[in-house]
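A.B. asks: Sending over my_file-v3.cif (mmCIF, C-alpha atoms).
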```cif
data_coords
loop_
_atom_site.label_atom_id
_atom_site.label_comp_id
_atom_site.auth_asym_id
_atom_site.auth_seq_id
_atom_site.Cartn_x
_atom_site.Cartn_y
_atom_site.Cartn_z
CA MET A 1 145.73 -20.53 4.40
CA SER A 2 142.01 -21.13 4.49
CA LYS A 3 140.65 -23.46 7.12
CA LEU A 4 139.77 -26.98 6.14
CA ALA A 5 136.04 -27.53 5.94
CA SER A 6 134.55 -30.79 7.10
CA PRO A 7 132.71 -32.96 4.55
CA LEU A 8 129.84 -32.58 7.01
CA GLY A 9 130.20 -28.81 7.16
CA LEU A 10 127.22 -27.84 5.01
CA ALA A 11 124.57 -27.86 7.72
CA ALA A 12 126.52 -25.60 10.07
CA ARG A 13 127.45 -23.15 7.32
CA MET A 14 123.89 -23.05 6.07
CA ARG A 15 122.58 -22.51 9.57
CA ALA A 16 125.00 -19.61 9.98
CA GLY A 17 123.54 -18.07 6.81
CA ASP A 18 126.77 -18.24 4.84
CA THR A 19 126.78 -18.24 1.06
CA ILE A 20 128.29 -21.46 -0.27
CA PHE A 21 129.61 -21.77 -3.80
CA THR A 22 129.85 -25.42 -4.75
CA ALA A 23 131.64 -27.01 -7.68
CA TRP A 24 129.47 -29.51 -9.55
CA CYS A 25 131.35 -32.69 -10.23
CA THR A 26 130.43 -35.18 -12.95
CA LEU A 27 133.75 -36.99 -13.36
CA PRO A 28 134.47 -39.59 -10.69
CA HIS A 29 138.15 -39.11 -10.08
CA PRO A 30 139.81 -37.98 -6.84
CA LEU A 31 142.22 -35.76 -8.79
CA ILE A 32 139.29 -33.77 -10.16
CA VAL A 33 138.16 -33.18 -6.59
CA GLU A 34 141.63 -32.22 -5.48
CA SER A 35 142.03 -29.84 -8.42
CA LEU A 36 138.77 -28.11 -7.55
CA ALA A 37 139.95 -27.76 -3.95
CA ARG A 38 143.28 -26.32 -5.03
CA ALA A 39 141.42 -23.88 -7.25
CA GLY A 40 139.75 -22.62 -4.07
CA PHE A 41 136.41 -24.41 -3.84
CA ASN A 42 135.55 -25.53 -0.32
CA ALA A 43 132.37 -27.31 -1.40
CA VAL A 44 131.72 -29.95 -4.01
CA THR A 45 128.58 -31.66 -5.26
CA PHE A 46 128.79 -35.05 -6.92
CA ASP A 47 126.17 -35.57 -9.57
CA PHE A 48 124.96 -39.14 -9.55
CA GLN A 49 122.13 -38.33 -11.94
CA HIS A 50 124.04 -36.90 -14.87
CA GLY A 51 127.65 -37.68 -13.91
CA ALA A 52 129.70 -40.81 -14.59
CA PHE A 53 129.64 -42.01 -10.98
CA THR A 54 129.53 -45.48 -9.55
CA PHE A 55 129.15 -45.88 -5.79
CA ASP A 56 132.76 -46.99 -5.57
CA GLY A 57 133.90 -43.88 -7.44
CA LEU A 58 131.72 -41.72 -5.24
CA VAL A 59 133.26 -43.08 -2.05
CA ASN A 60 136.75 -42.38 -3.41
CA CYS A 61 135.75 -38.84 -4.31
CA ILE A 62 134.16 -38.18 -0.91
CA SER A 63 137.40 -39.37 0.66
CA ALA A 64 139.37 -36.99 -1.58
CA ALA A 65 137.04 -34.13 -0.67
CA ALA A 66 137.47 -34.88 3.03
CA ALA A 67 141.25 -34.97 2.67
CA ASN A 68 141.17 -31.61 0.91
CA GLY A 69 138.85 -29.90 3.37
CA MET A 70 135.71 -29.69 1.27
CA MET A 71 132.05 -29.81 2.20
CA VAL A 72 130.29 -32.60 0.34
CA SER A 73 126.85 -32.98 -1.13
CA VAL A 74 125.55 -35.57 -3.57
CA LYS A 75 122.74 -35.43 -6.08
CA MET A 76 120.86 -38.70 -6.34
CA ALA A 77 119.73 -40.34 -9.53
CA TYR A 78 116.15 -39.67 -10.57
CA GLY A 79 113.61 -41.34 -8.30
CA ASP A 80 116.17 -42.94 -6.01
CA PRO A 81 115.73 -41.39 -2.57
CA ALA A 82 116.70 -44.66 -0.86
CA PHE A 83 120.23 -44.26 -2.20
CA ALA A 84 120.59 -41.05 -0.16
CA SER A 85 120.93 -43.13 2.98
CA ARG A 86 124.02 -44.87 1.60
CA VAL A 87 125.46 -41.56 0.53
CA LEU A 88 125.08 -40.17 4.05
CA ASP A 89 126.71 -43.30 5.44
CA ALA A 90 129.65 -42.62 3.13
CA GLY A 91 130.12 -39.23 4.75
CA ALA A 92 128.29 -36.68 2.59
CA GLY A 93 126.92 -33.71 4.50
CA GLY A 94 124.09 -33.03 2.10
CA VAL A 95 121.88 -34.97 -0.28
CA ILE A 96 119.85 -33.63 -3.16
CA LEU A 97 116.92 -35.47 -4.69
CA PRO A 98 116.10 -34.38 -8.25
CA SER A 99 112.58 -33.74 -9.54
CA VAL A 100 110.70 -33.40 -6.27
CA ASN A 101 107.29 -32.49 -7.59
CA ILE A 102 104.89 -33.44 -4.83
CA VAL A 103 104.96 -33.79 -1.06
CA ALA A 104 105.22 -37.58 -1.35
CA ASP A 105 108.57 -37.17 -3.13
CA ALA A 106 109.83 -34.94 -0.33
CA ARG A 107 108.54 -37.34 2.27
CA ALA A 108 110.40 -40.22 0.61
CA LEU A 109 113.64 -38.25 0.82
CA ALA A 110 113.07 -37.36 4.46
CA LEU A 111 112.27 -40.98 5.33
CA ALA A 112 115.52 -42.21 3.79
CA THR A 113 117.75 -39.53 5.26
CA LYS A 114 116.47 -38.83 8.78
CA PHE A 115 116.46 -41.11 11.77
CA PRO A 116 113.29 -41.56 13.86
CA PRO A 117 111.14 -39.83 14.85
CA ILE A 118 111.30 -37.90 11.56
CA GLY A 119 112.23 -40.70 9.16
CA THR A 120 113.35 -44.30 8.96
CA ARG A 121 117.00 -43.97 7.96
CA CYS A 122 118.89 -47.22 8.49
CA TRP A 123 121.85 -47.35 10.83
CA GLY A 124 125.22 -47.78 9.14
CA PRO A 125 127.26 -44.56 9.18
CA GLN A 126 130.53 -45.99 7.94
CA THR A 127 132.82 -43.06 7.21
CA ALA A 128 130.17 -40.59 8.38
CA LEU A 129 130.78 -41.57 11.99
CA TYR A 130 134.46 -40.93 11.52
CA TYR A 131 133.96 -37.54 9.88
CA ALA A 132 131.47 -36.54 12.54
CA ARG A 133 133.90 -37.33 15.36
CA LEU A 134 131.03 -38.61 17.45
CA ASP A 135 130.35 -41.85 19.21
CA ARG A 136 127.40 -43.92 18.02
CA ASN A 137 124.80 -42.40 20.30
CA GLY A 138 126.18 -38.93 19.68
CA TYR A 139 125.83 -39.44 15.96
CA LEU A 140 122.31 -40.75 16.32
CA HIS A 141 121.41 -37.76 18.49
CA TYR A 142 122.78 -35.13 16.12
CA ALA A 143 122.57 -36.76 12.68
CA ASN A 144 119.22 -35.29 11.66
CA ASP A 145 120.63 -31.79 12.13
CA LEU A 146 124.11 -32.69 10.98
CA THR A 147 123.17 -33.42 7.38
CA VAL A 148 120.89 -31.55 5.02
CA SER A 149 118.27 -33.03 2.72
CA LEU A 150 117.49 -30.80 -0.22
CA ALA A 151 114.55 -31.24 -2.58
CA MET A 152 115.19 -30.22 -6.15
CA ILE A 153 112.53 -28.00 -7.62
CA GLU A 154 112.58 -28.21 -11.39
CA SER A 155 109.03 -28.45 -12.65
CA ALA A 156 105.91 -26.33 -12.82
CA GLU A 157 104.24 -28.74 -10.41
CA GLY A 158 107.19 -28.61 -8.02
CA CYS A 159 106.98 -24.82 -8.06
CA GLU A 160 103.29 -24.92 -7.23
CA GLN A 161 103.91 -27.31 -4.37
CA VAL A 162 107.18 -25.78 -3.20
CA GLU A 163 105.90 -24.42 0.10
CA ARG A 164 104.48 -27.78 1.13
CA ILE A 165 107.59 -29.54 -0.11
CA MET A 166 110.05 -27.38 1.83
CA THR A 167 108.03 -27.54 5.02
CA THR A 168 107.79 -31.33 4.94
CA PRO A 169 109.43 -32.55 8.18
CA GLY A 170 112.99 -33.61 7.44
CA ILE A 171 113.43 -31.36 4.41
CA ASP A 172 116.06 -28.71 5.09
CA GLY A 173 115.79 -26.77 1.90
CA VAL A 174 115.35 -26.73 -1.84
CA LEU A 175 117.62 -26.51 -4.84
CA VAL A 176 116.23 -25.02 -8.00
CA GLY A 177 117.14 -26.60 -11.32
CA PRO A 178 116.46 -23.73 -13.72
CA TYR A 179 117.15 -25.69 -16.91
CA ASP A 180 114.53 -28.37 -16.34
CA LEU A 181 112.28 -25.75 -14.82
CA SER A 182 112.36 -23.73 -18.03
CA ILE A 183 111.52 -26.84 -20.05
CA SER A 184 108.59 -27.61 -17.77
CA LEU A 185 107.28 -24.06 -17.56
CA SER A 186 107.46 -23.68 -21.36
CA ARG A 187 105.82 -27.07 -21.82
CA GLY A 188 108.81 -28.35 -23.71
CA ARG A 189 109.33 -25.39 -26.01
CA TYR A 190 112.74 -24.22 -24.82
CA VAL A 191 115.56 -24.64 -22.33
CA ASN A 192 116.54 -21.24 -20.97
CA PRO A 193 117.44 -20.63 -17.31
CA ASN A 194 117.01 -16.87 -17.85
CA ALA A 195 113.43 -17.02 -19.18
CA PRO A 196 111.10 -14.54 -17.38
CA ALA A 197 108.87 -17.36 -16.13
CA VAL A 198 111.91 -19.02 -14.53
CA VAL A 199 113.10 -15.79 -12.94
CA ALA A 200 109.64 -15.24 -11.43
CA ALA A 201 109.67 -18.79 -10.05
CA LEU A 202 113.11 -18.21 -8.54
CA GLU A 203 111.79 -15.22 -6.63
CA LYS A 204 108.84 -17.18 -5.33
CA VAL A 205 111.02 -20.04 -4.09
CA LEU A 206 113.45 -17.65 -2.43
CA VAL A 207 110.78 -15.69 -0.59
CA LEU A 208 109.15 -18.87 0.72
CA ALA A 209 112.50 -20.32 1.80
CA LEU A 210 113.38 -17.18 3.72
CA ARG A 211 109.94 -17.14 5.33
CA HIS A 212 110.23 -20.72 6.53
CA GLY A 213 113.92 -20.59 7.46
CA LYS A 214 114.90 -23.09 4.78
CA VAL A 215 117.95 -23.14 2.57
CA ALA A 216 117.46 -21.82 -0.95
CA GLY A 217 119.90 -23.36 -3.40
CA ILE A 218 120.28 -23.15 -7.13
CA PHE A 219 122.22 -24.66 -10.00
CA ALA A 220 123.62 -21.47 -11.53
CA ASN A 221 126.13 -23.02 -13.92
CA SER A 222 127.94 -19.73 -14.59
CA PRO A 223 129.96 -17.36 -12.39
CA GLU A 224 127.81 -14.40 -13.48
CA LEU A 225 124.54 -16.10 -12.58
CA ALA A 226 126.09 -17.42 -9.36
CA ARG A 227 126.94 -13.87 -8.34
CA ASP A 228 123.47 -12.68 -9.25
CA HIS A 229 121.74 -15.45 -7.29
CA ALA A 230 123.96 -14.79 -4.26
CA ARG A 231 122.98 -11.12 -4.39
CA ARG A 232 119.30 -12.07 -4.47
CA GLY A 233 119.66 -14.25 -1.38
CA TYR A 234 120.33 -17.76 -2.61
CA ARG A 235 122.77 -19.39 -0.22
CA PHE A 236 123.82 -22.67 -1.83
CA ILE A 237 124.94 -22.07 -5.36
CA ALA A 238 126.45 -24.41 -7.93
CA VAL A 239 128.88 -22.25 -9.88
CA GLY A 240 129.64 -24.67 -12.69
CA THR A 241 130.56 -28.22 -13.64
CA ASP A 242 134.00 -29.79 -13.81
CA LEU A 243 133.51 -30.48 -17.52
CA GLY A 244 132.35 -26.92 -18.09
CA PHE A 245 135.43 -25.57 -16.29
CA LEU A 246 137.68 -27.84 -18.33
CA ARG A 247 136.12 -26.78 -21.61
CA ALA A 248 136.24 -23.09 -20.72
CA ALA A 249 139.87 -23.24 -19.61
CA ALA A 250 140.86 -25.32 -22.63
CA ARG A 251 139.15 -22.89 -25.01
CA ALA A 252 140.74 -19.87 -23.30
CA ALA A 253 144.17 -21.48 -23.42
CA LEU A 254 143.87 -22.31 -27.10
CA ASP A 255 142.51 -18.85 -27.89
CA ASP A 256 145.49 -17.34 -26.07
CA ALA A 257 147.89 -19.53 -27.99
CA ASN A 258 146.23 -18.45 -31.22
CA ALA A 259 146.14 -14.78 -30.27
CA GLU A 260 149.11 -14.02 -32.52
CA PRO A 261 148.79 -16.32 -35.50
CA VAL A 262 152.00 -17.46 -37.14
CA THR A 263 151.90 -15.86 -40.60
CA GLN A 264 155.11 -17.31 -41.95
CA ALA A 265 156.83 -20.50 -40.88
CA PRO A 266 160.54 -20.04 -40.09
CA SER A 267 162.98 -21.53 -42.56
CA LEU A 268 165.45 -24.23 -41.58
CA ARG A 269 168.29 -21.70 -41.76
CA ASP A 270 166.61 -19.50 -39.11
CA LEU A 271 166.53 -22.41 -36.69
CA GLN A 272 170.19 -23.45 -37.04
CA PRO A 273 172.50 -22.56 -34.17
CA VAL A 274 174.92 -19.73 -34.94
CA MET B 1 146.22 -34.03 19.47
CA GLN B 2 149.02 -32.87 21.71
CA SER B 3 146.71 -30.51 23.52
CA VAL B 4 144.15 -33.27 23.93
CA LEU B 5 146.74 -35.47 25.57
CA ARG B 6 147.94 -32.59 27.72
CA ASP B 7 144.38 -31.91 28.82
CA MET B 8 143.84 -35.54 29.61
CA ARG B 9 147.07 -35.67 31.55
CA SER B 10 145.93 -32.75 33.65
CA ALA B 11 142.60 -34.46 34.14
CA ALA B 12 144.34 -37.59 35.28
CA ILE B 13 146.41 -35.59 37.77
CA HIS B 14 143.23 -34.17 39.26
CA THR B 15 141.73 -37.54 39.95
CA VAL B 16 144.61 -39.61 41.22
CA HIS B 17 146.27 -37.02 43.43
CA GLY B 18 147.74 -38.46 46.56
CA ALA B 19 148.70 -41.78 44.99
CA ALA B 20 152.33 -42.86 45.05
CA MET B 21 154.27 -41.44 42.16
CA THR B 22 155.04 -44.76 40.56
CA THR B 23 151.43 -45.87 40.72
CA PHE B 24 150.32 -42.51 39.44
CA ASP B 25 152.68 -42.69 36.49
CA LYS B 26 151.38 -46.09 35.57
CA ARG B 27 147.80 -45.02 35.89
CA GLU B 28 148.38 -41.91 33.89
CA GLU B 29 150.13 -43.83 31.22
CA GLY B 30 147.35 -46.38 31.10
CA PHE B 31 144.66 -43.75 30.96
CA GLU B 32 146.44 -41.78 28.29
CA LYS B 33 146.96 -44.87 26.18
CA LYS B 34 143.37 -45.89 26.59
CA PHE B 35 142.18 -42.47 25.58
CA ALA B 36 144.61 -42.04 22.73
CA HIS B 37 143.49 -45.29 21.18
CA ASP B 38 139.84 -44.93 21.99
CA GLU B 39 138.51 -42.41 19.52
CA GLU B 40 134.99 -42.94 20.70
CA LEU B 41 135.87 -41.66 24.18
CA ARG B 42 137.65 -38.66 22.74
CA PHE B 43 134.68 -37.90 20.50
CA LYS B 44 132.35 -38.20 23.46
CA ALA B 45 134.44 -35.84 25.54
CA THR B 46 134.56 -33.25 22.76
CA ALA B 47 130.82 -33.35 22.13
CA ARG B 48 130.13 -33.14 25.84
CA ARG B 49 132.57 -30.25 26.17
CA ASN B 50 130.81 -28.37 23.37
CA LYS B 51 127.44 -28.93 24.99
CA MET B 52 128.77 -27.56 28.28
CA LEU B 53 130.18 -24.55 26.49
CA GLY B 54 126.82 -24.10 24.79
CA HIS B 55 124.97 -24.07 28.10
CA TRP B 56 127.50 -21.67 29.60
CA ALA B 57 127.18 -19.35 26.59
CA ALA B 58 123.38 -19.64 26.66
CA GLY B 59 123.48 -18.32 30.21
CA LYS B 60 125.58 -15.34 29.11
CA LEU B 61 123.09 -14.74 26.27
CA GLY B 62 120.19 -14.77 28.72
CA LEU B 63 118.66 -17.96 27.35
CA THR B 64 116.89 -20.41 29.63
CA GLY B 65 115.02 -23.73 29.46
CA ALA B 66 114.35 -25.10 26.00
CA ASP B 67 116.00 -22.08 24.38
CA ALA B 68 119.22 -22.81 26.26
CA ASP B 69 119.05 -26.49 25.26
CA ALA B 70 118.51 -25.56 21.62
CA TYR B 71 121.41 -23.13 21.76
CA ALA B 72 123.71 -25.75 23.31
CA LYS B 73 122.78 -28.14 20.50
CA ALA B 74 123.56 -25.46 17.93
CA VAL B 75 127.01 -25.03 19.49
CA VAL B 76 127.65 -28.77 19.25
CA LEU B 77 126.54 -28.73 15.62
CA ALA B 78 128.82 -25.78 14.84
CA ASP B 79 131.81 -28.01 15.56
CA PHE B 80 131.21 -29.94 12.35
CA GLU B 81 131.92 -26.95 10.15
CA GLU B 82 135.67 -27.45 9.95
CA ALA B 83 138.56 -29.28 11.56
CA GLY B 84 139.63 -28.00 14.97
CA ASP B 85 137.87 -25.86 17.58
CA GLU B 86 137.82 -22.53 15.78
CA ASP B 87 134.33 -23.09 14.40
CA VAL B 88 132.90 -23.56 17.89
CA ILE B 89 134.78 -20.61 19.33
CA GLY B 90 133.84 -18.51 16.30
CA LYS B 91 130.15 -19.26 16.67
CA VAL B 92 130.00 -18.34 20.35
CA ARG B 93 132.08 -15.21 19.82
CA LYS B 94 129.86 -14.13 16.92
CA ASP B 95 126.71 -14.65 18.99
CA PHE B 96 128.24 -12.77 21.95
CA ASP B 97 129.21 -9.90 19.66
CA ALA B 98 125.72 -9.77 18.16
CA LYS B 99 124.12 -9.55 21.61
CA GLY B 100 126.81 -7.28 23.03
CA VAL B 101 127.94 -9.81 25.63
CA GLY B 102 131.24 -8.57 27.01
CA VAL B 103 133.16 -11.83 27.20
CA SER B 104 136.55 -12.05 25.51
CA GLU B 105 137.61 -14.73 23.08
CA GLN B 106 140.34 -15.67 25.52
CA GLU B 107 137.70 -16.38 28.14
CA ILE B 108 135.74 -18.54 25.69
CA ARG B 109 138.90 -20.54 25.00
CA ARG B 110 139.59 -20.87 28.72
CA GLN B 111 136.05 -22.16 29.30
CA LEU B 112 136.40 -24.60 26.43
CA GLU B 113 139.54 -26.05 27.99
CA SER B 114 138.07 -26.34 31.44
CA PHE B 115 134.89 -27.95 30.08
CA PHE B 116 137.02 -30.52 28.30
CA LEU B 117 138.65 -31.47 31.57
CA LYS B 118 135.26 -31.64 33.21
CA ALA B 119 133.88 -33.80 30.39
CA VAL B 120 136.81 -36.18 30.70
CA GLU B 121 136.26 -36.39 34.45
CA GLU B 122 132.61 -37.20 33.97
CA LEU B 123 133.27 -39.86 31.39
CA LYS B 124 135.93 -41.47 33.52
CA THR B 125 133.61 -41.68 36.47
CA GLY B 126 130.82 -43.01 34.29
CA ARG B 127 128.57 -40.01 34.57
#
```
Starting from the file, give its structure as structure tokens.
C.D. replies:
Amino acid sequence: MSKLASPLGLAARMRAGDTIFTAWCTLPHPLIVESLARAGFNAVTFDFQHGAFTFDGLVNCISAAAANGMMVSVKMAYGDPAFASRVLDAGAGGVILPSVNIVADARALALATKFPPIGTRCWGPQTALYYARLDRNGYLHYANDLTVSLAMIESAEGCEQVERIMTTPGIDGVLVGPYDLSISLSRGRYVNPNAPAVVAALEKVLVLALRHGKVAGIFANSPELARDHARRGYRFIAVGTDLGFLRAAARAALDDANAEPVTQAPSLRDLQPV
Amino acid sequence: MQSVLRDMRSAAIHTVHGAAMTTFDKREEGFEKKFAHDEELRFKATARRNKMLGHWAAGKLGLTGADADAYAKAVVLADFEEAGDEDVIGKVRKDFDAKGVGVSEQEIRRQLESFFLKAVEELKTGR
């Protein structure tokens, strides 16, 4: 049996240089979380930007993740770094701010998620204190290293500024969003995470992250791409979404059922007991 | 949990030796109850234990001063990876292996236990 990860486990695993495959969750139900855990995922990311989450639903899902031994990260809604503080209080080990394009965006995330002297995070670690198994002063002392704040890089501007963004005090790493990045780099012409311009940007981000000892993460959204990114050196990789997994499994199941089409319906006589 | 209580019982024995058995039993019981229901104390003892282990391991790794402090902090932070102590033990063992430090895993576990007792002692005496 695999060991149960802590919801706050991300920072330690990242520091150890482990590759983490996270499931990307958009449906706010504890059973979704539990199903992902039983499928083998030990990390889950709750998407507050594109998912159907309320804060209440998020807290329930973090609780389910903790009960099932999963590391937890949460992606904020667009332009809402302040919310990250609440998410950390609720026990998430990592927070992701979308569309970090300039240093000021990164700074806003760091301010909300790190205690002084780095930031101005407010005190109120509700479940976080419990998951951390620390007393109040212990939590205060370790919190800035205990949770990770990741800036999402998903625009041409963000790519240009990425070195300054990732080295902003309080920023632990970056997470590339290749879909939005392709839209930005192509000036709105296409959405294609495999476009050459995107691939070149991925290399740049990775090299800079390695140089500065920061975490390089990416939203892969397919097992094949996840494998490829892991091989290149990305360490925090979103393999796919709950809805994507559901659709893929549903399609495969139906395809299997249809693999041998019924050519002739049986007659009533065939079905009668002999 | 059982091992925590066992450790604390041993710690209690260390400090109240010489007292009459009945008094000792009561004290032990009281201490154990206090600790069992006071998560904050248990958390404190564990974090302190990890820090002690970190400093001990830093010495074995040849680290001193700020490097030793940073290493001890990293050991404390490793404890948040998963439930139980295996993450802490695993980190130290991995670092020992990488630097060719000839200390067995058994010895790391032994140190961890003794540091827990020491941490409990310190907390009880308000240090």
A.B. asks: Taking the file as shown, find all residues satisfying the PyMOL selection byres ((chain B) within 10 of (chain A)) and write them as a VMD selection string.
C.D. replies: chain B and resid 39 to 48 73 to 84 86 to 87 91
A.B. asks: For the structure shown, which residues end up in the PyMOL selection byres ((chain A and resi 235) around 10)? Put them as a list of chain:residue names, please?
C.D. replies: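 When the PyMOL selection byres ((chain A and resi 235) around 10) is applied, the selected residues are A:Arg13, A:Met14, A:Gly17, A:Asp18, A:Thr19, A:Ile20, A:Phe21, A:Leu175, A:Leu206, A:Val215, A:Ala216, A:Gly217, A:Ile218, A:Ala226, A:His229, A:Ala230, A:Arg231, A:Arg232, A:Gly233, A:Tyr234, A:Phe236, A:Ile237, A:Ala238.
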A.B. asks: Set the distance at 6 Å and use all atoms listed in the file: which residues neighbour segment 73-88 of chain A once local chain neighbours fewer than 6 positions away are removed? I'd like the list as a list in words.
C.D. replies: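 Answer for this query is Thr45, Phe46, Asp47, Phe48, Gln49, Gly94, Val95, Ile96, Leu97, Pro98, Leu109, Ala112 and Thr113 of chain A.
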A.B. asks: Check which residues satisfy the PyMOL selection byres ((chain A and resi 29) around 10) in the file shown, then give them as a ChimeraX atom specification.
C.D. replies: /A:25-28,30-34,52-53,57-58,60-61,64
A.B. asks: Skipping near chain neighbours, those fewer than 6 positions away, what residues fall within 8 Å of segment 105-110 of chain B using all atoms listed in the file, listed as number ranges by chain?
C.D. replies: B: 89, 92-93
A.B. asks: So what do you get for atom CA of Ala106 of chain A versus atom CA of Thr167 of chain A, distance-wise?
C.D. replies: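 Computed distance, atom CA of Ala106 of chain A to atom CA of Thr167 of chain A, equals 9.3 Å.
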A.B. asks: Using all atoms listed in the file, which of the listed residues (A:Arg107, A:Arg164, A:Ala92, A:Pro117) sits closest to Thr147 of chain A?
C.D. replies: A:Ala92
A.B. asks: Would you mind reading off the distance between atom CA of Ile171 of chain A and atom CA of Ala110 of chain A, one decimal, in Å?
C.D. replies: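 Spanning atom CA of Ile171 of chain A to atom CA of Ala110 of chain A is a straight-line distance of 6.0 Å.
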A.B. asks: What is the distance, in Å and to one decimal place, between atom CA of Ala259 of chain A and atom CA of Phe245 of chain A?
C.D. replies: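 Spanning atom CA of Ala259 of chain A to atom CA of Phe245 of chain A is a straight-line distance of 20.7 Å.
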A.B. asks: Using all atoms listed in the file, which residue out of A:Pro169, A:Val162, A:Ile183, A:Ser63 lies closest to Ala128 of chain A?
C.D. replies: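 Smallest distance to Ala128 of chain A is found for A:Ser63.
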